[in-house]
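Note sheet for the following structure.
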Amino acid sequence: MKPCLMLDVDGVLVHGHPEGDSWVENVERDLGVTPAILETCFFEPHWADVIVGKKQLLDVLERCLPPVAPWLAPQDFVDYWFAHDSLLDEALLSEADNLRRHGMLVFLATNQEHMRARYLMEHLRLGEHVDGIVYSAAVGVRKPDRAFFDAALKQSGSVARNTVLVDDMRANVEAAREAGWMAIQWTRGKSLVGLLEAECACVA
């Protein structure tokens with residue numbers, strides 16, 4: 001059975017704004033709404049449900065934006081967010097491409113809602129680099145919930161002992177190991193192949 005690499009997205013494969021800042025860095029200047037207001041009206045009350053598919057992103061924004069930012073169309077906000085949270089780690093992607101060419105399955109394993117998952121796969125063209133994506137809104141649970149890891153194995157056709165997660169969050173790494181996976185906590189700038197060779201001997 002082929003080894004299977006599960007790559008996290010945010011904090012691993014994608015790092016915020018193409019200029020290196022967080023996507024919210026200039027949101028007040030560019031869109032006229034403060035990060036604090038977005039946190040209060042959108043992220044705090046709704047994000048936990050959006051990220052596991054219980055609520056739809058645009059539906060929520062159509063309800064919560066008009067009272068605080070009536071000039072801001074929900075789709076315009078989404079377009080801004082996604083475009084400013086899209087800096088790819090090209091070196092990591094190149095290493096993953098090479099592993100895939102040499103027979104390793106490569107999947108994205110990420111906490112995402114539906115629209116951004118599609119953006120990642122289609123607009124950022126990550127679908128050309130991976131065998132698939134496992135994401136929280138599609139499976140109904142998020143990392144580090146054990147059910148996420150079970151769903152990832154089912155979707156990929158892999159088994160725990162042949163699967164390695166690369167993730168920047170310690171809780172996710174520990175949960176993957178508890179599920180019987182190999183797992184590595186990512187540090188930006190490291191070599192993916194070097195970490196795999198050192199930590200889990202899953203590449204030759």
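In the structure tokens, each chain is lettered A, B, ... as it comes, each chain's residues begin at 1, and ligands are numbered from 1 in order of appearance.
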
Residues of chain A in strand (DSSP E), written as a list of chain:residue names: A:Cys4, A:Leu5, A:Met6, A:Leu7, A:Leu105, A:Val106, A:Phe107, A:Leu108, A:Ala109, A:Thr110, A:Gly132, A:Ile133, A:Val134, A:Tyr135, A:Thr163, A:Val164, A:Leu165, A:Val166, A:Asp167, A:Met182, A:Ala183, A:Ile184, A:Gln185

Neighbour list for A:Ile51 as a PyMOL selection string, cut-off 10 Å, only C-alpha atoms, skip fewer than 4 positions in-chain: chain A and resi 46-47+55-57+111-114+135-138+140-142

Residue set, chain A restricted to helix (DSSP H, G or I), as a ChimeraX atom specification: /A:27-31,35-50,57-68,74-83,90-101,114-123,126-128,136-139,146-156,160-162,170-178,192-199

Within 10 Å of A:Arg63 using only C-alpha atoms, minus same-chain residues under 6 positions, as number ranges by chain: A: 41-42, 74

Atomic distance atom CA of A:Asp85 - atom CA of A:Leu7, expressed in Å with one decimal: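 Result for atom CA of A:Asp85 versus atom CA of A:Leu7: 17.1 Å, one decimal.
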
d(atom CA of A:Arg177, atom CA of A:Val130) in Å: 22.5 Å

Closest of A:Leu87, A:Cys64, A:Ile37, A:Leu153 to A:Gly16 - atom-to-atom distances counting only C-alpha atoms: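 Of all the options, A:Leu87 lies closest to A:Gly16.
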
Pick from A:Trp71, A:Asp89, A:Lys54, A:Leu108 nearest to A:Gly11, counting only C-alpha atoms: A:Asp89

Distance in Å - atom CA of A:Thr163 versus atom CA of A:Ala147: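 Interatomic distance here is 15.4 Å.
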
Among the residues A:Ser158, A:Asp167, A:Arg146, A:Arg101, the one that comes closest to A:Ala179 [using only C-alpha atoms]: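 Once distances to A:Ala179 are computed over only C-alpha atoms, the minimum belongs to A:Arg146.
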
Contacts of A:Cys200 within 9 Å, only C-alpha atoms, excl. fewer than 6 positions in-chain, as a PyMOL selection string: chain A and resi 164+182-184

Among the residues A:Gly103, A:Val14, A:Lys190, A:Leu61, the one that comes closest to A:Phe43 [using only C-alpha atoms]: A:Leu61

Nearest to A:Leu38 by atom-to-atom distance, counting only C-alpha atoms, from A:Leu65, A:Asp59, A:Gly180, A:Gly53: A:Leu65

8 Å contact set for A:Pro144, only C-alpha atoms, chain neighbours under 2 positions out, as a PDB file with N, CA and C atoms, in the first residue's frame:
```
ATOM      1  N   ARG A 142     -14.065  18.816  12.811  1.00  0.00           N
ATOM      2  CA  ARG A 142     -12.791  19.470  12.541  1.00  0.00           C
ATOM      3  C   ARG A 142     -11.678  18.795  13.331  1.00  0.00           C
ATOM      4  N   ARG A 146     -11.276  13.047  16.636  1.00  0.00           N
ATOM      5  CA  ARG A 146     -10.876  11.741  16.098  1.00  0.00           C
ATOM      6  C   ARG A 146     -11.666  11.387  14.844  1.00  0.00           C
ATOM      7  N   PHE A 148     -12.487  13.198  12.430  1.00  0.00           N
ATOM      8  CA  PHE A 148     -11.858  13.785  11.236  1.00  0.00           C
ATOM      9  C   PHE A 148     -10.819  12.827  10.667  1.00  0.00           C
ATOM     10  N   ALA A 171      -1.946  20.252  18.895  1.00  0.00           N
ATOM     11  CA  ALA A 171      -3.120  19.437  19.238  1.00  0.00           C
ATOM     12  C   ALA A 171      -3.483  18.488  18.101  1.00  0.00           C
ATOM     13  N   ASN A 172      -3.356  18.958  16.863  1.00  0.00           N
ATOM     14  CA  ASN A 172      -3.679  18.103  15.720  1.00  0.00           C
ATOM     15  C   ASN A 172      -2.655  16.994  15.550  1.00  0.00           C
ATOM     16  N   ALA A 175      -3.365  14.408  18.214  1.00  0.00           N
ATOM     17  CA  ALA A 175      -4.586  13.647  17.905  1.00  0.00           C
ATOM     18  C   ALA A 175      -4.333  12.635  16.800  1.00  0.00           C
ATOM     19  N   ALA A 176      -3.548  13.023  15.802  1.00  0.00           N
ATOM     20  CA  ALA A 176      -3.216  12.088  14.723  1.00  0.00           C
ATOM     21  C   ALA A 176      -2.449  10.896  15.270  1.00  0.00           C
TER      22      ALA A 176
END
```

Distance criterion (only C-alpha atoms): nearest to A:Lys154 out of A:Val139, A:Val9, A:Ala198, A:Met1: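 Closest residue, counting only C-alpha atoms: A:Val139.
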